[in-house]
Amino acid sequence: MKCPFCSADDDRVVDSRLAEDGIAIRRRRECAACRQRFTTFERIEEAGLVVVKRSGDREPFDRDKIIRGLRSAAKNRPVDDEAITAIAGEVEEAMRLLGRDVSSAEVGLATLEALRVVDDVAYVRFASVYKGFSDADDFARELRMLVKTTAPKSKS
Ligand SMILES: [Zn+2]
């Protein structure tokens, strides 16, 4: 496994455990060259989850695409790679549980919902890309909605 810090591909596994309710194995690895540690997830390759795009095109579900989107939304935010990987895993599981083809809108919404819990700013950024906000008004509306749904309820 290529080290994300120095690109050497000489590492050893320091810890293995089940993750995501047993559907994945999480491995902590230590790079032999720079001694940095990083995490990998191993899963059974599952076939067949198809995403139907807005254009009607069909493509295989791509977890990495979600991870890339989340990474750019979470740039400079306190959301680490493990959280991002976990969100992508959650989304994939939720989509597979539907037991049918899913739309790209469903994938986007599920990702948004999972991200909302983790980081508000990253959520709004992801929403702006995913929903294709055309102007600042859309943005403001989304922010108001966010404040409304996350504000603590006051006692009457
Ligand atoms: Zn390294």
# chains A, B, ... in the order shown; residues from 1 in each chain; ligands from 1
>>> residues_around(residues="Val121 in chain A", least_positions_apart="6", cutoff="10 Å", atoms="only C-alpha atoms", output="list in words")
Ala73, Ala74, Lys75, Arg77, Pro78, Leu115, Ala127 and Leu143 of chain A
>>> closest_atom_pairs(of="chain A", to="ligand 1", cutoff="9 Å", atoms="only C-alpha atoms and all ligand atoms", output="CSV")
residue,atom,partner,partner_atom_place_in_ligand_line,distance
A:Lys2,CA,ligand 1,1 (Zn),7.9
A:Cys3,CA,ligand 1,1 (Zn),4.6
A:Pro4,CA,ligand 1,1 (Zn),6.7
A:Phe5,CA,ligand 1,1 (Zn),5.0
A:Cys6,CA,ligand 1,1 (Zn),4.1
A:Ser7,CA,ligand 1,1 (Zn),5.8
A:Ala8,CA,ligand 1,1 (Zn),5.4
A:Asp9,CA,ligand 1,1 (Zn),7.7
A:Asp10,CA,ligand 1,1 (Zn),7.9
A:Asp11,CA,ligand 1,1 (Zn),8.0
A:Glu30,CA,ligand 1,1 (Zn),7.8
A:Cys31,CA,ligand 1,1 (Zn),4.6
A:Ala32,CA,ligand 1,1 (Zn),6.6
A:Ala33,CA,ligand 1,1 (Zn),5.1
A:Cys34,CA,ligand 1,1 (Zn),4.1
A:Arg35,CA,ligand 1,1 (Zn),6.1
A:Gln36,CA,ligand 1,1 (Zn),5.7
A:Arg37,CA,ligand 1,1 (Zn),8.0
>>> write_last_selection(atoms="N, CA and C atoms", output="short mmCIF file (atom, residue, chain, number, x, y, z; two decimals), in the first residue's frame")
data_model
loop_
_atom_site.label_atom_id
_atom_site.label_comp_id
_atom_site.auth_asym_id
_atom_site.auth_seq_id
_atom_site.Cartn_x
_atom_site.Cartn_y
_atom_site.Cartn_z
N LYS A 2 0.61 2.14 -0.92
CA LYS A 2 1.45 3.33 -1.06
C LYS A 2 1.21 4.29 0.11
N CYS A 3 2.28 4.72 0.77
CA CYS A 3 2.15 5.63 1.90
C CYS A 3 1.64 7.00 1.43
N PRO A 4 0.57 7.52 2.06
CA PRO A 4 0.03 8.82 1.63
C PRO A 4 0.94 9.99 1.99
N PHE A 5 1.93 9.74 2.82
CA PHE A 5 2.81 10.83 3.24
C PHE A 5 4.07 10.91 2.39
N CYS A 6 4.68 9.75 2.11
CA CYS A 6 5.96 9.79 1.39
C CYS A 6 5.97 8.91 0.14
N SER A 7 4.85 8.23 -0.14
CA SER A 7 4.69 7.40 -1.34
C SER A 7 5.52 6.12 -1.37
N ALA A 8 6.22 5.83 -0.30
CA ALA A 8 6.92 4.54 -0.26
C ALA A 8 5.86 3.43 -0.20
N ASP A 9 6.18 2.23 -0.71
CA ASP A 9 5.17 1.19 -0.57
C ASP A 9 5.67 0.04 0.28
N ASP A 10 6.21 0.39 1.40
CA ASP A 10 6.71 -0.59 2.35
C ASP A 10 6.09 -0.28 3.71
N ASP A 11 5.07 -1.06 4.08
CA ASP A 11 4.44 -0.78 5.37
C ASP A 11 4.17 -2.08 6.10
N GLU A 30 1.75 1.12 9.32
CA GLU A 30 2.85 2.04 9.60
C GLU A 30 3.85 1.95 8.46
N CYS A 31 4.18 3.11 7.90
CA CYS A 31 5.13 3.17 6.80
C CYS A 31 6.53 2.89 7.33
N ALA A 32 7.23 1.98 6.65
CA ALA A 32 8.58 1.62 7.11
C ALA A 32 9.57 2.74 6.81
N ALA A 33 9.24 3.57 5.84
CA ALA A 33 10.17 4.64 5.45
C ALA A 33 10.05 5.87 6.35
N CYS A 34 8.82 6.37 6.54
CA CYS A 34 8.67 7.63 7.29
C CYS A 34 7.99 7.45 8.65
N ARG A 35 7.56 6.23 8.95
CA ARG A 35 6.97 5.91 10.26
C ARG A 35 5.60 6.53 10.49
N GLN A 36 5.03 7.19 9.49
CA GLN A 36 3.69 7.73 9.66
C GLN A 36 2.70 6.57 9.61
N ARG A 37 1.58 6.76 10.28
CA ARG A 37 0.56 5.71 10.26
C ARG A 37 -0.64 6.16 9.43
#
>>> atom_distance(atom1="CA of Arg125 in chain A", atom2="CA of Pro60 in chain A")
25.0 Å
>>> closest_residue(among="A:Val13, A:Arg58, A:Arg43, A:Gly22", to="Ser103 in chain A", atoms="only C-alpha atoms")
A:Arg58
>>> residues_around(residues="Glu113 in chain A", least_positions_apart="3", cutoff="10 Å", atoms="only C-alpha atoms", output="PyMOL selection string")
chain A and resi 87+91+108-110+116-118+123+127
>>> closest_residue(among="A:Val52, A:Leu70, A:Met1, A:Val102", to="Val124 in chain A", atoms="only C-alpha atoms")
A:Leu70
>>> closest_residue(among="A:Leu49, A:Ala122, A:Val14, A:Ala105", to="Arg29 in chain A", atoms="only C-alpha atoms")
A:Val14
>>> closest_residue(among="A:Lys53, A:Arg12, A:Arg17, A:Arg27", to="Glu106 in chain A", atoms="only C-alpha atoms")
A:Lys53
>>> closest_residue(among="A:Arg26, A:Phe38, A:Asp119, A:Glu92", to="Ile66 in chain A", atoms="only C-alpha atoms")
A:Glu92
>>> select_by_dssp(residues="range 14-114 of chain A", states="strand (DSSP E or B)", output="list in words")
Val14, Asp15, Ser16, Arg17, Leu18, Ala19, Ala24, Ile25, Arg26, Arg27, Arg28, Arg29, Glu30, Cys31, Arg37, Phe38, Thr39, Thr40, Phe41, Glu42, Arg43, Val50, Val51, Val52, Arg58, Glu59, Pro60, Val102 and Ser103 of chain A
>>> write_last_selection(atoms="N, CA, C and O atoms", output="short mmCIF file (atom, residue, chain, number, x, y, z; two decimals), in the first residue's frame")
data_model
loop_
_atom_site.label_atom_id
_atom_site.label_comp_id
_atom_site.auth_asym_id
_atom_site.auth_seq_id
_atom_site.Cartn_x
_atom_site.Cartn_y
_atom_site.Cartn_z
N VAL A 14 -0.21 -2.66 11.83
CA VAL A 14 -0.05 -2.62 13.28
C VAL A 14 -1.33 -2.98 14.02
O VAL A 14 -1.30 -3.30 15.19
N ASP A 15 -2.47 -2.93 13.31
CA ASP A 15 -3.73 -3.27 13.96
C ASP A 15 -4.77 -3.61 12.91
O ASP A 15 -4.84 -2.96 11.87
N SER A 16 -5.57 -4.65 13.15
CA SER A 16 -6.68 -5.02 12.24
C SER A 16 -7.93 -5.20 13.08
O SER A 16 -7.88 -5.85 14.11
N ARG A 17 -9.00 -4.64 12.63
CA ARG A 17 -10.26 -4.91 13.33
C ARG A 17 -11.43 -4.76 12.37
O ARG A 17 -11.33 -4.11 11.35
N LEU A 18 -12.56 -5.38 12.78
CA LEU A 18 -13.76 -5.26 11.96
C LEU A 18 -14.31 -3.85 12.06
O LEU A 18 -14.23 -3.20 13.10
N ALA A 19 -14.86 -3.37 10.97
CA ALA A 19 -15.45 -2.03 10.95
C ALA A 19 -16.77 -2.09 10.22
O ALA A 19 -17.09 -3.07 9.54
N ALA A 24 -16.45 -4.62 6.78
CA ALA A 24 -15.12 -4.18 6.35
C ALA A 24 -14.09 -4.52 7.41
O ALA A 24 -14.42 -4.73 8.57
N ILE A 25 -12.85 -4.61 6.97
CA ILE A 25 -11.74 -4.75 7.91
C ILE A 25 -10.92 -3.47 7.83
O ILE A 25 -10.54 -3.02 6.76
N ARG A 26 -10.71 -2.89 9.01
CA ARG A 26 -9.95 -1.65 9.08
C ARG A 26 -8.54 -2.02 9.52
O ARG A 26 -8.35 -2.74 10.48
N ARG A 27 -7.55 -1.55 8.77
CA ARG A 27 -6.17 -1.85 9.13
C ARG A 27 -5.39 -0.57 9.37
O ARG A 27 -5.40 0.33 8.55
N ARG A 28 -4.71 -0.51 10.51
CA ARG A 28 -3.77 0.56 10.77
C ARG A 28 -2.44 0.09 10.22
O ARG A 28 -1.99 -1.01 10.50
N ARG A 29 -1.80 0.91 9.41
CA ARG A 29 -0.51 0.55 8.83
C ARG A 29 0.53 1.58 9.20
O ARG A 29 0.21 2.75 9.38
N GLU A 30 1.75 1.12 9.32
CA GLU A 30 2.85 2.04 9.60
C GLU A 30 3.85 1.95 8.46
O GLU A 30 4.30 0.87 8.10
N CYS A 31 4.18 3.11 7.90
CA CYS A 31 5.13 3.17 6.80
C CYS A 31 6.53 2.89 7.33
O CYS A 31 6.96 3.46 8.32
N ARG A 37 1.58 6.76 10.28
CA ARG A 37 0.56 5.71 10.26
C ARG A 37 -0.64 6.16 9.43
O ARG A 37 -0.97 7.34 9.39
N PHE A 38 -1.26 5.20 8.77
CA PHE A 38 -2.47 5.50 8.01
C PHE A 38 -3.40 4.30 8.06
O PHE A 38 -3.03 3.24 8.56
N THR A 39 -4.62 4.48 7.59
CA THR A 39 -5.66 3.47 7.73
C THR A 39 -6.16 3.01 6.37
O THR A 39 -6.34 3.82 5.47
N THR A 40 -6.36 1.72 6.23
CA THR A 40 -6.99 1.22 5.01
C THR A 40 -8.22 0.40 5.39
O THR A 40 -8.30 -0.14 6.50
N PHE A 41 -9.17 0.34 4.48
CA PHE A 41 -10.36 -0.48 4.67
C PHE A 41 -10.41 -1.54 3.58
O PHE A 41 -10.17 -1.24 2.41
N GLU A 42 -10.71 -2.75 3.99
CA GLU A 42 -10.80 -3.84 3.02
C GLU A 42 -12.23 -4.35 3.02
O GLU A 42 -12.81 -4.58 4.07
N ARG A 43 -12.79 -4.52 1.84
CA ARG A 43 -14.18 -4.97 1.72
C ARG A 43 -14.30 -6.06 0.68
O ARG A 43 -13.50 -6.15 -0.23
N VAL A 50 -25.95 0.03 -9.28
CA VAL A 50 -25.92 0.92 -10.44
C VAL A 50 -26.52 2.28 -10.08
O VAL A 50 -27.54 2.36 -9.40
N VAL A 51 -25.84 3.32 -10.51
CA VAL A 51 -26.33 4.68 -10.29
C VAL A 51 -26.84 5.24 -11.62
O VAL A 51 -26.14 5.19 -12.63
N VAL A 52 -28.07 5.73 -11.59
CA VAL A 52 -28.65 6.33 -12.79
C VAL A 52 -28.47 7.85 -12.69
O VAL A 52 -28.95 8.47 -11.74
N ARG A 58 -26.22 5.22 -17.06
CA ARG A 58 -26.04 4.35 -15.90
C ARG A 58 -24.56 4.10 -15.71
O ARG A 58 -23.82 3.92 -16.65
N GLU A 59 -24.15 4.11 -14.45
CA GLU A 59 -22.74 3.80 -14.17
C GLU A 59 -22.64 3.05 -12.86
O GLU A 59 -23.53 3.15 -12.01
N PRO A 60 -21.59 2.26 -12.69
CA PRO A 60 -21.44 1.54 -11.41
C PRO A 60 -21.22 2.53 -10.28
O PRO A 60 -20.60 3.58 -10.48
N VAL A 102 -30.12 3.04 -8.03
CA VAL A 102 -30.37 4.30 -7.33
C VAL A 102 -30.07 5.46 -8.26
O VAL A 102 -29.32 5.31 -9.23
N SER A 103 -30.64 6.62 -7.97
CA SER A 103 -30.35 7.79 -8.79
C SER A 103 -29.18 8.56 -8.19
O SER A 103 -28.90 8.44 -6.99
#
